[in-house]
>>> print(open('protein10.txt').read())   # compact mmCIF, C-alpha atoms
# COMPACT_ATOMS: atom_id res chain seq x y z
CA MET A 102 15.50 0.53 -8.50
CA LYS A 103 12.70 1.34 -6.04
CA ILE A 104 9.18 -0.09 -6.40
CA TYR A 105 6.11 1.43 -4.72
CA PHE A 106 3.32 -0.97 -3.70
CA ASP A 107 -0.07 -0.08 -2.31
CA GLY A 108 -3.36 -1.91 -1.91
CA CYS A 109 -5.26 -3.95 0.63
CA SER A 110 -4.60 -7.20 2.48
CA PHE A 111 -3.46 -9.07 -0.64
CA THR A 112 -0.63 -6.60 -1.23
CA TRP A 113 0.13 -6.45 2.50
CA GLY A 114 0.52 -10.24 2.57
CA ASP A 115 -2.39 -11.17 4.81
CA GLU A 116 -2.84 -14.85 5.63
CA LEU A 117 0.80 -15.67 4.93
CA GLU A 118 2.84 -17.20 7.71
CA ASP A 119 5.49 -14.55 7.30
CA ASN A 120 3.91 -11.70 5.40
CA TYR A 121 7.11 -9.67 5.23
CA THR A 122 9.27 -12.24 3.41
CA SER A 123 6.56 -14.20 1.53
CA ARG A 124 4.34 -11.49 0.05
CA TYR A 125 4.50 -10.97 -3.69
CA SER A 126 6.00 -7.48 -3.38
CA ARG A 127 9.03 -8.87 -1.51
CA LEU A 128 9.44 -11.77 -3.95
CA LEU A 129 9.27 -9.42 -6.93
CA CYS A 130 11.80 -7.01 -5.43
CA ASN A 131 14.14 -9.85 -4.53
CA HIS A 132 13.92 -11.15 -8.09
CA PHE A 133 14.80 -7.77 -9.62
CA GLY A 134 17.18 -6.62 -6.88
CA ALA A 135 14.89 -3.66 -6.16
CA GLU A 136 14.06 -1.77 -2.98
CA GLU A 137 10.54 -2.52 -1.75
CA TYR A 138 8.28 0.28 -0.53
CA ASN A 139 5.03 -1.40 0.51
CA ILE A 140 2.45 0.75 2.30
CA ALA A 141 -0.53 -1.56 1.76
CA LYS A 142 -3.01 -1.80 4.60
CA ARG A 143 -5.46 -4.51 5.53
CA GLY A 144 -8.95 -3.19 4.80
CA GLY A 145 -7.48 -0.28 2.84
CA SER A 146 -9.67 1.66 0.43
CA ASN A 147 -9.14 2.99 -3.09
CA ARG A 148 -9.47 6.53 -1.70
CA ARG A 149 -6.59 5.78 0.66
CA ILE A 150 -4.48 4.48 -2.21
CA VAL A 151 -5.08 7.63 -4.28
CA ARG A 152 -4.40 9.89 -1.27
CA ASN A 153 -1.12 8.06 -0.62
CA ILE A 154 0.03 8.51 -4.21
CA LEU A 155 -0.81 12.21 -4.15
CA GLU A 156 1.10 12.67 -0.88
CA HIS A 157 4.30 11.05 -2.17
CA ASP A 158 7.01 12.40 -4.42
CA VAL A 159 6.48 10.03 -7.34
CA SER A 160 9.88 10.85 -8.82
CA GLN A 161 11.49 8.74 -6.05
CA TYR A 162 10.13 5.50 -7.52
CA ASP A 163 10.89 3.61 -10.69
CA LEU A 164 7.70 1.55 -10.77
CA PHE A 165 4.26 1.65 -9.14
CA ILE A 166 2.22 -1.48 -8.49
CA ILE A 167 -1.25 -0.65 -7.26
CA GLN A 168 -3.84 -3.27 -6.39
CA MET A 169 -7.27 -1.68 -6.25
CA THR A 170 -9.70 -2.83 -3.56
CA LYS A 171 -13.46 -3.16 -3.24
CA ARG A 172 -15.42 -0.04 -4.18
CA GLN A 173 -17.46 -0.21 -0.98
CA ARG A 174 -14.45 0.52 1.21
CA THR A 175 -13.89 4.13 2.14
CA GLU A 176 -12.11 6.34 4.61
CA TYR A 177 -12.79 9.63 6.32
CA TYR A 178 -10.87 12.24 8.23
CA SER A 179 -11.72 12.42 11.94
CA GLU A 180 -11.44 15.98 13.21
CA ASP A 181 -11.63 14.68 16.80
CA ASP A 182 -8.65 12.33 16.37
CA ASN A 183 -6.92 14.50 13.74
CA LYS A 184 -6.24 11.48 11.51
CA TRP A 185 -7.60 9.39 8.63
CA LYS A 186 -9.77 6.40 9.55
>>> encode(input="protein10.txt", output="C-alpha cells")
Amino acid sequence: MKIYFDGCSFTWGDELEDNYTSRYSRLLCNHFGAEEYNIAKRGGSNRRIVRNILEHDVSQYDLFIIQMTKRQRTEYYSEDDNKWK
C-alpha cells in the first residue's frame, strides 16, 4: 500500500522535534504498514497541491490524503528562474 500526502506545514510536520518520524503521515503509514509519499511543503498553497496531483500518475497510489491550506496562499511560475515559487 502506498499513501500520497500533500499539504502545508501541518502535513510536513512543522514544529515537531523530529518531523520525519513524528508527523501524522509517518504514524499513519507505520500503523497500516504502508509506504509514505509526503510532498507537503511549509507555506504551500492549494494551487501547488492541485498542480502536484495533476503532475503525478495517480494510479501509483492506493490512498490520497490532502490537507488544504489557506486560500490566500498562491504560487507563480518565474520565467527568470524557470521554476515555481
>>> closest_residue(input="protein10.txt", among="A:Arg152, A:Lys142, A:His157, A:Arg172", to="Asp107 in chain A", atoms="all atoms listed in the file")
A:Lys142
>>> atom_distance(input="protein10.txt", atom1="CA of Cys130 in chain A", atom2="CA of Thr175 in chain A")
29.0 Å
>>> closest_residue(input="protein10.txt", among="A:Arg174, A:Arg124, A:Phe106, A:Ile167", to="Glu136 in chain A", atoms="all atoms listed in the file")
A:Phe106
>>> axis_aligned_box(input="protein10.txt", around="range 140-154 of chain A", padding_each_side="5 Å", output="lines of an AutoDock Vina configuration file")
center_x = -3.6
center_y = 2.7
center_z = 0.6
size_x = 22.1
size_y = 24.4
size_z = 19.8
>>> atom_distance(input="protein10.txt", atom1="CA of Lys103 in chain A", atom2="CA of Ile166 in chain A")
11.1 Å
>>> atom_distance(input="protein10.txt", atom1="CA of Tyr121 in chain A", atom2="CA of Gln168 in chain A")
17.2 Å
>>> closest_residue(input="protein10.txt", among="A:Arg143, A:Tyr138, A:Asp182, A:Met169", to="Asp115 in chain A", atoms="only C-alpha atoms")
A:Arg143
>>> closest_residue(input="protein10.txt", among="A:Glu180, A:Lys171, A:Glu118, A:Ser160", to="Gly145 in chain A", atoms="only C-alpha atoms")
A:Lys171
>>> closest_residue(input="protein10.txt", among="A:Ser146, A:Asp181, A:Cys109, A:Glu137", to="Thr122 in chain A", atoms="all atoms listed in the file")
A:Glu137
>>> closest_residue(input="protein10.txt", among="A:Asn183, A:Met102, A:Tyr162, A:Gly108", to="Gly134 in chain A", atoms="all atoms listed in the file")
A:Met102
>>> build_atoms(input="protein10.txt", residues="range 135-146 of chain A", atoms="all heavy atoms", output="short mmCIF file (atom, residue, chain, number, x, y, z; two decimals), in the coordinates of the input")
data_model
loop_
_atom_site.label_atom_id
_atom_site.label_comp_id
_atom_site.auth_asym_id
_atom_site.auth_seq_id
_atom_site.Cartn_x
_atom_site.Cartn_y
_atom_site.Cartn_z
N ALA A 135 15.46 -4.99 -6.37
CA ALA A 135 14.89 -3.66 -6.16
C ALA A 135 14.59 -3.42 -4.68
O ALA A 135 14.45 -4.36 -3.90
CB ALA A 135 13.61 -3.51 -6.97
N GLU A 136 14.47 -2.15 -4.33
CA GLU A 136 14.06 -1.77 -2.98
C GLU A 136 12.53 -1.77 -2.92
O GLU A 136 11.87 -1.20 -3.79
CB GLU A 136 14.59 -0.37 -2.67
CG GLU A 136 14.24 0.13 -1.30
CD GLU A 136 14.76 1.54 -1.05
OE1 GLU A 136 15.62 2.01 -1.82
OE2 GLU A 136 14.28 2.16 -0.09
N GLU A 137 12.00 -2.42 -1.91
CA GLU A 137 10.54 -2.52 -1.75
C GLU A 137 10.04 -1.38 -0.87
O GLU A 137 10.57 -1.12 0.20
CB GLU A 137 10.18 -3.86 -1.10
CG GLU A 137 8.70 -3.99 -0.78
CD GLU A 137 8.40 -5.20 0.10
OE1 GLU A 137 9.33 -5.68 0.80
OE2 GLU A 137 7.27 -5.65 0.09
N TYR A 138 8.98 -0.70 -1.34
CA TYR A 138 8.28 0.28 -0.53
C TYR A 138 6.81 -0.11 -0.56
O TYR A 138 6.08 0.19 -1.50
CB TYR A 138 8.49 1.70 -1.07
CG TYR A 138 7.84 2.75 -0.20
CD1 TYR A 138 8.39 3.10 1.02
CD2 TYR A 138 6.68 3.39 -0.61
CE1 TYR A 138 7.79 4.06 1.82
CE2 TYR A 138 6.08 4.35 0.18
CZ TYR A 138 6.64 4.68 1.39
OH TYR A 138 6.05 5.63 2.19
N ASN A 139 6.38 -0.85 0.45
CA ASN A 139 5.03 -1.40 0.51
C ASN A 139 4.27 -0.73 1.64
O ASN A 139 4.58 -0.93 2.81
CB ASN A 139 5.06 -2.91 0.72
CG ASN A 139 3.70 -3.55 0.62
OD1 ASN A 139 2.67 -2.93 0.89
ND2 ASN A 139 3.68 -4.82 0.25
N ILE A 140 3.25 0.08 1.28
CA ILE A 140 2.45 0.75 2.30
C ILE A 140 1.01 0.26 2.27
O ILE A 140 0.09 0.95 2.70
CB ILE A 140 2.52 2.28 2.17
CG1 ILE A 140 2.05 2.74 0.80
CG2 ILE A 140 3.91 2.78 2.48
CD1 ILE A 140 1.88 4.26 0.71
N ALA A 141 0.81 -0.96 1.78
CA ALA A 141 -0.53 -1.56 1.76
C ALA A 141 -1.05 -1.71 3.18
O ALA A 141 -0.29 -1.83 4.13
CB ALA A 141 -0.48 -2.92 1.07
N LYS A 142 -2.37 -1.70 3.30
CA LYS A 142 -3.01 -1.80 4.60
C LYS A 142 -4.19 -2.75 4.52
O LYS A 142 -4.99 -2.66 3.57
CB LYS A 142 -3.48 -0.42 5.05
CG LYS A 142 -4.12 -0.38 6.40
CD LYS A 142 -4.51 1.04 6.76
CE LYS A 142 -5.18 1.05 8.12
NZ LYS A 142 -5.61 2.40 8.49
N ARG A 143 -4.30 -3.62 5.48
CA ARG A 143 -5.46 -4.51 5.53
C ARG A 143 -6.72 -3.67 5.65
O ARG A 143 -6.79 -2.77 6.47
CB ARG A 143 -5.36 -5.48 6.70
CG ARG A 143 -4.24 -6.47 6.53
CD ARG A 143 -4.18 -7.43 7.67
NE ARG A 143 -3.65 -6.72 8.85
CZ ARG A 143 -3.43 -7.28 10.01
NH1 ARG A 143 -3.69 -8.53 10.21
NH2 ARG A 143 -2.94 -6.56 11.00
N GLY A 144 -7.71 -3.95 4.79
CA GLY A 144 -8.95 -3.19 4.80
C GLY A 144 -8.82 -1.82 4.15
O GLY A 144 -9.72 -1.00 4.24
N GLY A 145 -7.71 -1.57 3.48
CA GLY A 145 -7.48 -0.28 2.84
C GLY A 145 -8.48 -0.01 1.73
O GLY A 145 -9.03 -0.92 1.12
N SER A 146 -8.70 1.26 1.45
CA SER A 146 -9.67 1.66 0.43
C SER A 146 -8.96 2.26 -0.78
O SER A 146 -7.80 2.66 -0.71
CB SER A 146 -10.65 2.68 1.00
OG SER A 146 -9.98 3.92 1.23
#
